[in-house]
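Student: Just one file: data29.tsv, with TSV, C-alpha atoms and all ligand atoms.
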chain	number	residue	atom	x	y	z
D	56	MET	CA	-25.87	4.89	11.15
D	57	PRO	CA	-28.72	2.44	10.36
D	58	VAL	CA	-28.00	-0.97	11.86
D	59	ASN	CA	-28.96	-2.80	8.66
D	60	THR	CA	-25.94	-1.40	6.84
D	61	ILE	CA	-23.64	-2.85	9.49
D	62	THR	CA	-21.86	-6.16	9.01
D	63	PRO	CA	-21.67	-7.12	12.69
D	64	PRO	CA	-19.01	-9.02	14.63
D	65	GLY	CA	-19.49	-12.73	14.06
D	66	SER	CA	-19.68	-12.15	10.30
D	67	THR	CA	-17.04	-13.34	7.86
D	68	ILE	CA	-14.66	-11.07	5.98
D	69	GLY	CA	-13.43	-12.41	2.65
D	70	ILE	CA	-9.90	-11.31	1.74
D	71	LEU	CA	-8.60	-11.57	-1.81
D	72	GLY	CA	-4.87	-12.27	-1.43
D	73	GLY	CA	-2.96	-14.22	1.21
D	74	GLY	CA	0.14	-12.14	2.06
D	75	GLN	CA	1.13	-10.26	5.20
D	76	LEU	CA	-1.44	-7.52	4.68
D	77	GLY	CA	-4.23	-10.11	4.50
D	78	ARG	CA	-2.77	-11.74	7.58
D	79	MET	CA	-2.82	-8.49	9.56
D	80	ILE	CA	-6.37	-7.66	8.36
D	81	ALA	CA	-7.49	-11.10	9.59
D	82	LEU	CA	-5.79	-10.57	12.96
D	83	ALA	CA	-7.45	-7.16	13.39
D	84	GLY	CA	-10.80	-8.61	12.36
D	85	ALA	CA	-10.44	-11.47	14.84
D	86	ARG	CA	-9.90	-9.00	17.68
D	87	LEU	CA	-13.29	-7.48	16.87
D	88	GLY	CA	-14.94	-10.90	16.64
D	89	TYR	CA	-14.91	-11.36	12.87
D	90	ARG	CA	-13.88	-14.50	11.04
D	91	SER	CA	-11.80	-14.24	7.89
D	92	ILE	CA	-11.62	-16.38	4.80
D	93	ILE	CA	-8.69	-16.02	2.43
D	94	TYR	CA	-8.63	-16.45	-1.33
D	95	SER	CA	-5.18	-17.20	-2.69
D	96	PRO	CA	-3.49	-19.12	-5.49
D	97	GLU	CA	-1.20	-20.59	-2.80
D	98	ALA	CA	-2.48	-23.32	-0.49
D	99	ASP	CA	-0.02	-22.33	2.26
D	100	ALA	CA	-0.56	-18.54	2.05
D	101	ILE	CA	0.57	-16.90	5.29
D	102	ALA	CA	-2.79	-15.17	5.84
D	103	GLY	CA	-4.37	-18.62	5.99
D	104	GLN	CA	-2.36	-19.41	9.13
D	105	VAL	CA	-4.48	-16.96	11.15
D	106	SER	CA	-7.84	-17.27	9.37
D	107	ALA	CA	-10.91	-19.45	9.64
D	108	GLY	CA	-10.46	-20.76	6.12
D	109	LEU	CA	-8.61	-20.51	2.84
D	110	ILE	CA	-9.83	-21.22	-0.64
D	111	GLN	CA	-7.07	-21.97	-3.08
D	112	GLY	CA	-7.73	-20.83	-6.61
D	113	SER	CA	-6.43	-18.73	-9.42
D	114	TYR	CA	-7.87	-15.27	-10.01
D	115	ASP	CA	-9.61	-16.44	-13.18
D	116	ASP	CA	-11.34	-19.44	-11.55
D	117	GLU	CA	-14.94	-18.19	-11.44
D	118	ALA	CA	-16.29	-21.25	-9.64
D	119	ALA	CA	-13.69	-21.00	-6.86
D	120	LEU	CA	-14.26	-17.25	-6.53
D	121	ALA	CA	-18.02	-17.86	-6.25
D	122	ARG	CA	-17.45	-20.49	-3.54
D	123	PHE	CA	-15.25	-18.03	-1.68
D	124	ALA	CA	-17.74	-15.18	-2.00
D	125	ALA	CA	-20.60	-17.38	-0.80
D	126	GLN	CA	-18.78	-17.94	2.51
D	127	ALA	CA	-18.13	-14.24	3.11
D	128	ASP	CA	-20.44	-11.42	4.22
D	129	VAL	CA	-18.23	-8.65	2.90
D	130	ILE	CA	-15.08	-8.85	0.78
D	131	THR	CA	-11.92	-6.77	0.52
D	132	TYR	CA	-8.54	-7.18	-1.19
D	133	GLU	CA	-5.05	-6.93	0.24
D	134	PHE	CA	-3.24	-6.03	-2.98
D	135	GLU	CA	-4.10	-3.85	-5.93
D	136	ASN	CA	-3.13	-6.29	-8.66
D	137	VAL	CA	-6.19	-8.49	-8.24
D	138	PRO	CA	-7.64	-8.73	-11.77
D	139	GLU	CA	-10.71	-6.54	-12.20
D	140	GLN	CA	-12.69	-9.56	-13.44
D	141	ALA	CA	-12.03	-11.41	-10.19
D	142	VAL	CA	-13.45	-8.49	-8.20
D	143	ALA	CA	-16.40	-8.28	-10.61
D	144	GLU	CA	-17.10	-12.00	-10.08
D	145	CYS	CA	-17.06	-11.54	-6.29
D	146	GLU	CA	-19.31	-8.47	-6.58
D	147	ARG	CA	-21.98	-10.63	-8.22
D	148	HIS	CA	-22.38	-12.34	-4.84
D	149	ARG	CA	-21.24	-9.96	-2.08
D	150	PRO	CA	-20.18	-6.35	-1.65
D	151	VAL	CA	-16.49	-5.84	-2.37
D	152	ARG	CA	-15.06	-2.81	-0.62
D	153	PRO	CA	-13.31	-0.72	-1.85
D	154	GLY	CA	-14.43	-2.21	-5.20
D	155	ILE	CA	-13.20	-2.02	-8.79
D	156	LYS	CA	-12.61	1.70	-9.33
D	157	PRO	CA	-9.58	2.06	-7.02
D	158	ILE	CA	-7.76	-0.95	-8.51
D	159	HIS	CA	-8.57	0.15	-12.04
D	160	PHE	CA	-6.46	3.25	-11.43
D	161	ALA	CA	-3.91	1.83	-8.99
D	162	GLN	CA	-2.96	-1.09	-11.28
D	163	HIS	CA	-1.63	1.04	-14.07
D	164	ARG	CA	0.85	3.85	-13.48
D	165	LEU	CA	-0.23	6.00	-16.43
D	166	ARG	CA	-3.92	5.76	-15.53
D	167	GLU	CA	-2.99	6.46	-11.92
D	168	LYS	CA	-1.03	9.63	-12.71
D	169	ALA	CA	-3.79	10.91	-15.00
D	170	PHE	CA	-6.32	10.25	-12.23
D	171	PHE	CA	-4.23	12.22	-9.72
D	172	ARG	CA	-4.04	15.18	-12.06
D	173	GLN	CA	-7.76	15.05	-12.76
D	174	ALA	CA	-8.44	14.96	-9.02
D	175	GLY	CA	-6.32	18.11	-8.60
D	176	ILE	CA	-3.40	16.22	-7.05
D	177	GLY	CA	-0.02	17.33	-8.43
D	178	THR	CA	2.58	14.85	-9.70
D	179	ALA	CA	6.03	14.91	-11.27
D	180	ASP	CA	6.05	15.51	-15.04
D	181	TYR	CA	5.55	12.25	-16.87
D	182	GLN	CA	5.26	10.80	-20.35
D	183	PRO	CA	4.09	7.50	-21.79
D	184	ILE	CA	6.85	5.34	-23.27
D	185	GLY	CA	5.48	2.65	-25.57
D	186	SER	CA	7.16	3.17	-28.92
D	187	GLU	CA	10.29	4.43	-30.66
D	188	ALA	CA	8.44	7.69	-31.31
D	189	ASP	CA	7.81	8.09	-27.57
D	190	LEU	CA	11.53	7.58	-26.92
D	191	ALA	CA	12.43	10.25	-29.46
D	192	ALA	CA	9.95	12.69	-27.90
D	193	ALA	CA	11.01	12.07	-24.29
D	194	THR	CA	11.92	15.18	-22.32
D	195	ALA	CA	11.32	14.12	-18.68
D	196	LEU	CA	15.04	13.51	-18.10
D	197	PRO	CA	16.73	12.74	-15.83
D	198	GLY	CA	13.90	10.45	-14.84
D	199	ILE	CA	12.72	7.07	-13.72
D	200	LEU	CA	11.34	4.63	-16.26
D	201	LYS	CA	8.71	2.35	-14.72
D	202	THR	CA	6.61	-0.44	-16.20
D	203	CYS	CA	2.96	0.59	-16.11
D	204	THR	CA	1.86	-2.64	-14.47
D	205	GLU	CA	3.09	-5.12	-11.88
D	206	GLY	CA	5.98	-3.10	-10.40
D	207	TYR	CA	6.50	-3.09	-6.63
D	208	ASP	CA	9.34	-2.51	-4.14
D	209	GLY	CA	11.33	-0.73	-6.87
D	210	LYS	CA	11.04	-3.65	-9.31
D	211	GLY	CA	10.40	-2.85	-12.97
D	212	GLN	CA	12.14	0.53	-12.67
D	213	ALA	CA	15.30	2.11	-14.02
D	214	ARG	CA	16.91	5.50	-13.44
D	215	VAL	CA	17.80	7.15	-16.72
D	216	THR	CA	19.64	10.34	-17.51
D	217	THR	CA	20.01	10.40	-21.31
D	218	ARG	CA	17.91	9.40	-24.33
D	219	ASP	CA	20.37	6.58	-25.10
D	220	GLY	CA	20.13	5.38	-21.52
D	221	LEU	CA	16.35	5.56	-21.76
D	222	LYS	CA	16.31	3.42	-24.88
D	223	ALA	CA	18.61	0.83	-23.30
D	224	ALA	CA	16.46	0.74	-20.14
D	225	TRP	CA	13.26	0.32	-22.16
D	226	ASP	CA	14.87	-2.59	-24.03
D	227	ARG	CA	15.87	-4.16	-20.70
D	228	LEU	CA	12.28	-3.80	-19.43
D	229	GLY	CA	11.16	-5.85	-22.45
D	230	ARG	CA	9.82	-2.82	-24.40
D	231	ARG	CA	6.69	-3.03	-22.29
D	232	GLU	CA	4.26	-0.16	-21.83
D	233	CYS	CA	6.08	2.22	-19.51
D	234	ILE	CA	5.88	5.63	-17.90
D	235	LEU	CA	8.83	8.00	-17.74
D	236	GLU	CA	8.65	10.20	-14.65
D	237	ALA	CA	10.90	13.19	-14.15
D	238	LEU	CA	13.22	12.61	-11.19
D	239	VAL	CA	11.92	14.56	-8.21
D	240	ASP	CA	14.63	16.22	-6.13
D	241	PHE	CA	12.79	15.55	-2.91
D	242	GLN	CA	13.49	16.62	0.63
D	243	CYS	CA	11.70	13.56	1.96
D	244	GLU	CA	8.97	11.01	1.28
D	245	ILE	CA	5.75	10.80	3.27
D	246	SER	CA	2.47	8.95	3.13
D	247	ALA	CA	-1.12	9.63	4.05
D	248	ILE	CA	-3.39	6.73	4.86
D	249	VAL	CA	-7.04	7.70	4.68
D	250	ALA	CA	-10.07	5.67	5.63
D	251	ARG	CA	-13.55	6.39	4.34
D	252	GLY	CA	-16.50	4.75	6.03
D	253	LEU	CA	-19.74	3.48	4.59
D	254	ASP	CA	-21.41	6.71	5.74
D	255	GLY	CA	-18.85	8.83	3.85
D	256	THR	CA	-16.84	9.94	6.89
D	257	THR	CA	-13.12	10.27	6.21
D	258	ARG	CA	-10.23	10.02	8.63
D	259	CYS	CA	-6.51	10.38	7.91
D	260	PHE	CA	-3.82	8.75	10.03
D	261	PRO	CA	-0.98	11.03	11.14
D	262	ILE	CA	1.45	11.45	8.25
D	263	GLY	CA	4.47	9.12	8.33
D	264	LEU	CA	7.99	10.00	7.21
D	265	ASN	CA	9.32	7.23	4.97
D	266	HIS	CA	12.87	6.21	4.10
D	267	HIS	CA	13.45	3.92	1.13
D	268	ARG	CA	16.60	2.10	0.13
D	269	ASP	CA	16.94	0.43	-3.26
D	270	GLY	CA	13.28	1.24	-3.93
D	271	ILE	CA	12.09	-0.65	-0.81
D	272	LEU	CA	10.56	1.02	2.23
D	273	ARG	CA	12.97	0.67	5.16
D	274	THR	CA	11.49	2.83	7.92
D	275	THR	CA	8.46	4.94	8.78
D	276	THR	CA	8.70	7.50	11.58
D	277	VAL	CA	5.81	9.22	13.36
D	278	PRO	CA	5.67	12.04	14.26
D	279	SER	CA	7.45	13.10	11.11
D	280	GLY	CA	8.77	16.41	12.45
D	281	LEU	CA	7.60	18.18	9.28
D	282	PRO	CA	6.00	21.64	9.33
D	283	GLU	CA	2.27	21.81	9.99
D	284	THR	CA	1.61	23.33	6.55
D	285	VAL	CA	3.19	20.34	4.78
D	286	LEU	CA	1.29	17.86	6.97
D	287	ALA	CA	-2.01	19.64	6.41
D	288	ARG	CA	-1.43	19.68	2.64
D	289	ALA	CA	-0.56	15.97	2.60
D	290	GLU	CA	-3.67	15.12	4.59
D	291	GLN	CA	-5.82	17.25	2.31
D	292	LEU	CA	-4.48	15.45	-0.78
D	293	GLY	CA	-5.09	12.05	0.81
D	294	VAL	CA	-8.69	12.93	1.65
D	295	GLN	CA	-9.20	14.39	-1.82
D	296	LEU	CA	-8.01	11.08	-3.26
D	297	ALA	CA	-10.32	8.99	-1.09
D	298	LEU	CA	-13.29	11.14	-2.12
D	299	SER	CA	-12.37	11.05	-5.83
D	300	LEU	CA	-12.18	7.25	-5.70
D	301	ASP	CA	-15.65	6.97	-4.04
D	302	LEU	CA	-13.78	4.73	-1.66
D	303	VAL	CA	-15.16	2.63	1.17
D	304	GLY	CA	-12.07	1.27	2.86
D	305	LEU	CA	-8.51	2.51	3.01
D	306	VAL	CA	-6.19	4.24	0.59
D	307	ALA	CA	-2.52	5.11	1.02
D	308	LEU	CA	-1.02	7.98	-0.91
D	309	GLU	CA	2.78	8.06	-1.21
D	310	MET	CA	4.10	11.58	-1.71
D	311	PHE	CA	7.30	13.53	-2.23
D	312	VAL	CA	8.00	16.74	-0.36
D	313	THR	CA	10.10	18.87	-2.70
D	314	ARG	CA	12.93	21.07	-1.43
D	315	ASP	CA	10.67	24.11	-1.85
D	316	GLY	CA	7.96	22.51	0.29
D	317	ARG	CA	5.52	21.38	-2.40
D	318	VAL	CA	3.78	18.04	-1.98
D	319	LEU	CA	3.57	15.79	-5.07
D	320	ALA	CA	1.81	12.44	-5.36
D	321	ASN	CA	3.96	9.43	-6.23
D	322	GLU	CA	1.62	6.45	-6.11
D	323	MET	CA	-1.43	5.10	-4.32
D	324	ALA	CA	-2.49	1.79	-2.86
D	325	PRO	CA	-6.19	1.17	-2.03
D	326	ARG	CA	-5.40	-1.11	0.91
D	327	PRO	CA	-3.39	-1.10	4.13
D	328	HIS	CA	0.16	0.05	3.44
D	329	ASN	CA	3.59	-0.87	4.76
D	330	SER	CA	4.06	2.72	5.92
D	331	GLY	CA	1.04	2.32	8.21
D	332	HIS	CA	2.27	-0.70	10.17
D	333	TRP	CA	3.32	1.56	13.05
D	334	THR	CA	-0.38	2.12	13.78
D	335	ILE	CA	-0.70	-1.41	15.20
D	336	ASP	CA	1.54	-0.53	18.15
D	337	ALA	CA	1.44	3.25	18.45
D	338	CYS	CA	-1.98	4.52	17.34
D	339	ALA	CA	-5.42	4.37	18.97
D	340	THR	CA	-6.71	2.36	16.00
D	341	SER	CA	-4.54	0.32	13.63
D	342	GLN	CA	-4.88	0.75	9.88
D	343	PHE	CA	-6.06	-2.87	9.69
D	344	GLU	CA	-8.81	-2.35	12.24
D	345	GLN	CA	-9.76	0.88	10.46
D	346	LEU	CA	-10.22	-1.07	7.23
D	347	VAL	CA	-12.38	-3.64	9.01
D	348	ARG	CA	-14.46	-0.86	10.55
D	349	ALA	CA	-14.88	0.89	7.19
D	350	ILE	CA	-15.92	-2.14	5.16
D	351	CYS	CA	-18.21	-3.46	7.91
D	352	GLY	CA	-19.99	-0.13	8.29
D	353	LEU	CA	-18.79	0.55	11.85
D	354	PRO	CA	-17.80	4.04	13.00
D	355	LEU	CA	-14.17	4.80	12.13
D	356	GLY	CA	-11.73	4.61	15.03
D	357	ALA	CA	-9.67	7.39	16.60
D	358	VAL	CA	-6.28	8.07	15.03
D	359	ASP	CA	-4.45	9.65	17.96
D	360	VAL	CA	-0.74	8.86	18.21
D	361	LEU	CA	-0.18	7.05	21.52
D	362	ALA	CA	3.61	7.31	21.44
D	363	PRO	CA	6.37	8.31	19.04
D	364	SER	CA	7.39	5.31	16.96
D	365	ARG	CA	9.58	4.08	14.19
D	366	MET	CA	8.71	1.05	12.10
D	367	GLU	CA	11.60	-0.84	10.53
D	368	ASN	CA	11.07	-3.51	7.92
D	369	LEU	CA	12.85	-6.83	8.36
D	370	ILE	CA	13.98	-7.71	4.88
D	371	GLY	CA	15.58	-10.99	3.89
D	372	ASP	CA	17.90	-12.36	6.58
D	373	GLU	CA	17.37	-9.30	8.83
D	374	ALA	CA	14.59	-11.33	10.43
D	375	ASP	CA	17.29	-13.69	11.75
D	376	GLY	CA	17.88	-11.03	14.42
D	377	TRP	CA	14.47	-11.76	15.99
D	378	LEU	CA	15.92	-12.92	19.33
D	379	ARG	CA	17.78	-9.64	19.85
D	380	ILE	CA	14.64	-7.72	18.87
D	381	VAL	CA	12.28	-9.52	21.24
D	382	ALA	CA	14.74	-8.83	24.05
D	383	ASP	CA	14.49	-5.06	23.45
D	384	PRO	CA	11.77	-3.56	25.66
D	385	THR	CA	11.08	-0.75	23.16
D	386	ALA	CA	10.58	-3.18	20.25
D	387	ARG	CA	7.32	-4.75	19.07
D	388	LEU	CA	8.17	-7.60	16.74
D	389	HIS	CA	5.93	-8.81	13.93
D	390	LEU	CA	6.95	-11.86	11.91
D	391	TYR	CA	4.85	-12.88	8.93
D	392	GLY	CA	5.29	-16.66	9.09
D	393	LYS	CA	6.99	-16.92	5.70
D	394	ALA	CA	8.77	-20.24	5.34
D	395	LYS	CA	11.45	-19.14	2.87
D	396	VAL	CA	13.86	-16.24	3.29
D	397	ARG	CA	14.72	-14.54	0.02
D	398	PRO	CA	16.81	-11.41	-0.54
D	399	GLY	CA	14.52	-8.38	-0.74
D	400	ARG	CA	11.56	-10.29	0.72
D	401	LYS	CA	9.64	-8.63	3.55
D	402	MET	CA	9.80	-11.19	6.39
D	403	GLY	CA	8.43	-9.02	9.18
D	404	HIS	CA	8.73	-5.61	10.78
D	405	VAL	CA	9.52	-4.14	14.15
D	406	THR	CA	8.05	-1.02	15.68
D	407	TYR	CA	10.17	0.82	18.20
D	408	VAL	CA	7.77	2.60	20.49
D	409	GLY	CA	8.37	5.45	22.90
D	410	SER	CA	12.12	5.74	23.07
D	411	TRP	CA	13.73	5.03	19.76
D	412	ASP	CA	17.04	6.47	18.65
D	413	PRO	CA	16.09	9.85	17.19
D	414	SER	CA	19.04	9.96	14.76
D	415	PRO	CA	17.90	9.47	11.17
D	416	PRO	CA	18.10	5.90	9.88
D	417	ASN	CA	20.76	4.93	7.36
D	418	PRO	CA	19.74	6.37	4.00
D	501	LIG	N1	9.84	10.37	-9.94
D	501	LIG	C1	10.63	10.01	-8.92
D	501	LIG	N2	11.60	10.84	-8.45
D	501	LIG	C2	12.43	10.49	-7.44
D	501	LIG	N3	12.36	9.28	-6.81
D	501	LIG	C3	11.44	8.39	-7.22
D	501	LIG	C4	10.51	8.72	-8.30
D	501	LIG	N4	9.71	7.65	-8.47
D	501	LIG	C5	10.10	6.71	-7.56
D	501	LIG	N5	11.13	7.14	-6.82
D	501	LIG	C6	11.80	6.40	-5.71
D	501	LIG	O1	11.60	5.01	-5.89
D	501	LIG	C7	10.75	4.50	-4.84
D	501	LIG	C8	9.82	3.41	-5.40
D	501	LIG	O2	9.04	3.94	-6.46
D	501	LIG	P1	7.46	3.76	-6.53
D	501	LIG	O3	6.96	4.50	-7.72
D	501	LIG	O4	6.87	4.13	-5.22
D	501	LIG	O5	7.32	2.23	-6.87
D	501	LIG	P2	6.99	0.93	-6.01
D	501	LIG	O6	5.70	0.46	-6.56
D	501	LIG	O7	8.11	0.02	-6.33
D	501	LIG	O8	6.90	1.35	-4.57
D	501	LIG	C9	10.02	5.73	-4.33
D	501	LIG	O9	9.56	5.53	-3.01
D	501	LIG	C10	11.14	6.77	-4.40
D	501	LIG	O10	12.08	6.60	-3.37
D	502	MG	MG	6.00	3.00	-3.76
Could you express the structure from this file as structure tokens?
Ligand SMILES: Nc1ncnc2c1ncn2[C@@H]1O[C@H](COP(=O)(O)OP(=O)(O)O)[C@@H](O)[C@H]1O
Ligand SMILES: [Mg+2]
Tutor:
Amino acid sequence: MPVNTITPPGSTIGILGGGQLGRMIALAGARLGYRSIIYSPEADAIAGQVSAGLIQGSYDDEAALARFAAQADVITYEFENVPEQAVAECERHRPVRPGIKPIHFAQHRLREKAFFRQAGIGTADYQPIGSEADLAAATALPGILKTCTEGYDGKGQARVTTRDGLKAAWDRLGRRECILEALVDFQCEISAIVARGLDGTTRCFPIGLNHHRDGILRTTTVPSGLPETVLARAEQLGVQLALSLDLVGLVALEMFVTRDGRVLANEMAPRPHNSGHWTIDACATSQFEQLVRAICGLPLGAVDVLAPSRMENLIGDEADGWLRIVADPTARLHLYGKAKVRPGRKMGHVTYVGSWDPSPPNP
């Protein structure tokens, strides 16, 4: 790889967004000798606690974005809801990796599903719901009604079984532009996290087995114990997605494994993903380091599993159990430095490495 395409250690990584993912990108960058600068609407963003600097500004403040970009050598984002214009403004000054295309599709569930299909990646049946006529024509029932934009951790979603229920749910969601997805009777949920380097090389982390409760990820287990054919298919779809997005960086693809062994895409995130946190403690390269390597033009790191592991999210007051967790020799505790505990808020996670209880977690 030509040296002039490399952003070397000592350079500064700009990160749009100041949450836990930005924080863990900054920590991984620091280990390789990079500085990070955070852009966030919040002055006390938790990523700022571990970074060389933070610029506070809204995502439509062009002057602040330009000041931020001027201090960075390369820029990435830690969440997919950064407005496209903010990324475009940064791109006028510095390379933003993975750029506008991935967020254009990841920000909007209908666009995202259409993109999957066009890339040859199967999904559940789905229909747009944006009018009374759409309600009357709906057939993907039972299903899940989701707002097209701004949903996360199960928010902005409703399970519906009948047309009347669908109408009531759409009213409750403020009659916003929605997607109705047929309910998938899945055997399990998995995710592929794929990195693509500046030279076009792709590498997929071992597939994680994910358990959700109330729409929020609770645990990720690796190895997943799934058949090789399913794992190979999931990896293939992840790589196909990264290539279709012309990505330089990282993309996570959440998938359902149906009872008959088919693999269907659920959603994507062009950034590090909660289901990849286990890689910090149990993989040769963490997903955060892999992102840094990709956007800085370094060779991608090895993705060998070093030990079996299970990541558990610490949600709301679960983080109060930190003292018990740090006393457990199999536990690696990560707390995000969030000042306020709120129900449903991700406060940290713990990865049990090597000898976790192999019984399945509470569904
Ligand atoms: N079509 C579906 N069929 C069955 N379960 C679903 C479907 N869509 C979502 N879910 C469940 O809800 C969870 C959250 O939905 P998802 O679309 O991933 O939204 P979020 O952005 O909130 O993560 C999924 O991980 C899965 O457990
Ligand atoms: Mg999801």
Student: May I ask which of the residues D:Arg348, D:Arg227, D:Arg214, D:Lys201 is the closest one to D:Ala83, counting only C-alpha atoms?
Tutor: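 Once distances to D:Ala83 are computed over only C-alpha atoms, the minimum belongs to D:Arg348.
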Student: Skipping near chain neighbours, those fewer than 3 positions away, what residues fall within 8 Å of D:Cys243 using only C-alpha atoms, listed as a VMD selection string?
Tutor: chain D and resid 264 to 266 311 to 313
Student: Which residues sit within 8 Å of ligand LIG 501 (chain D), counting all atoms listed in the file, listed as a VMD selection string?
Tutor: chain D and resid 179 198 to 199 201 206 to 212 236 to 241 244 266 to 272 309 311 321 to 322
Student: Just the residues within 7 Å of stretch 349-356 of chain D, please, counting all atoms listed in the file, with nothing from its chain fewer than 5 positions along; format it as a ChimeraX atom specification.
Tutor: /D:60-63,152,250-253,303-304,340
Student: Near stretch 393-400 of chain D, within 8 Å and counting all atoms listed in the file, which residues show up once chain neighbours fewer than 5 positions away are dropped, as number ranges by chain?
Tutor: D: 101, 370-372
Student: If I take atom CA of D:Pro261 and atom CA of D:Ile245, how far is one from the other in Å, to one decimal?
Tutor: 10.4 Å
Student: From the options D:Leu235, D:Met310, D:Leu221, D:Val294, which residue's atoms come nearest to D:Ala195, counting only C-alpha atoms?
Tutor: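 Nearest to D:Ala195: D:Leu235.
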Student: Do you have the atom CA of D:Ala374-atom CA of D:Asn329 distance handy?
Tutor: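 About the pair atom CA of D:Ala374 and atom CA of D:Asn329: they are 16.2 Å apart.
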Student: Counting all atoms listed in the file, which residue out of D:Ala107, D:Leu305, D:Leu319, D:Ile70 sits closest to D:Asp180?
Tutor: D:Leu319
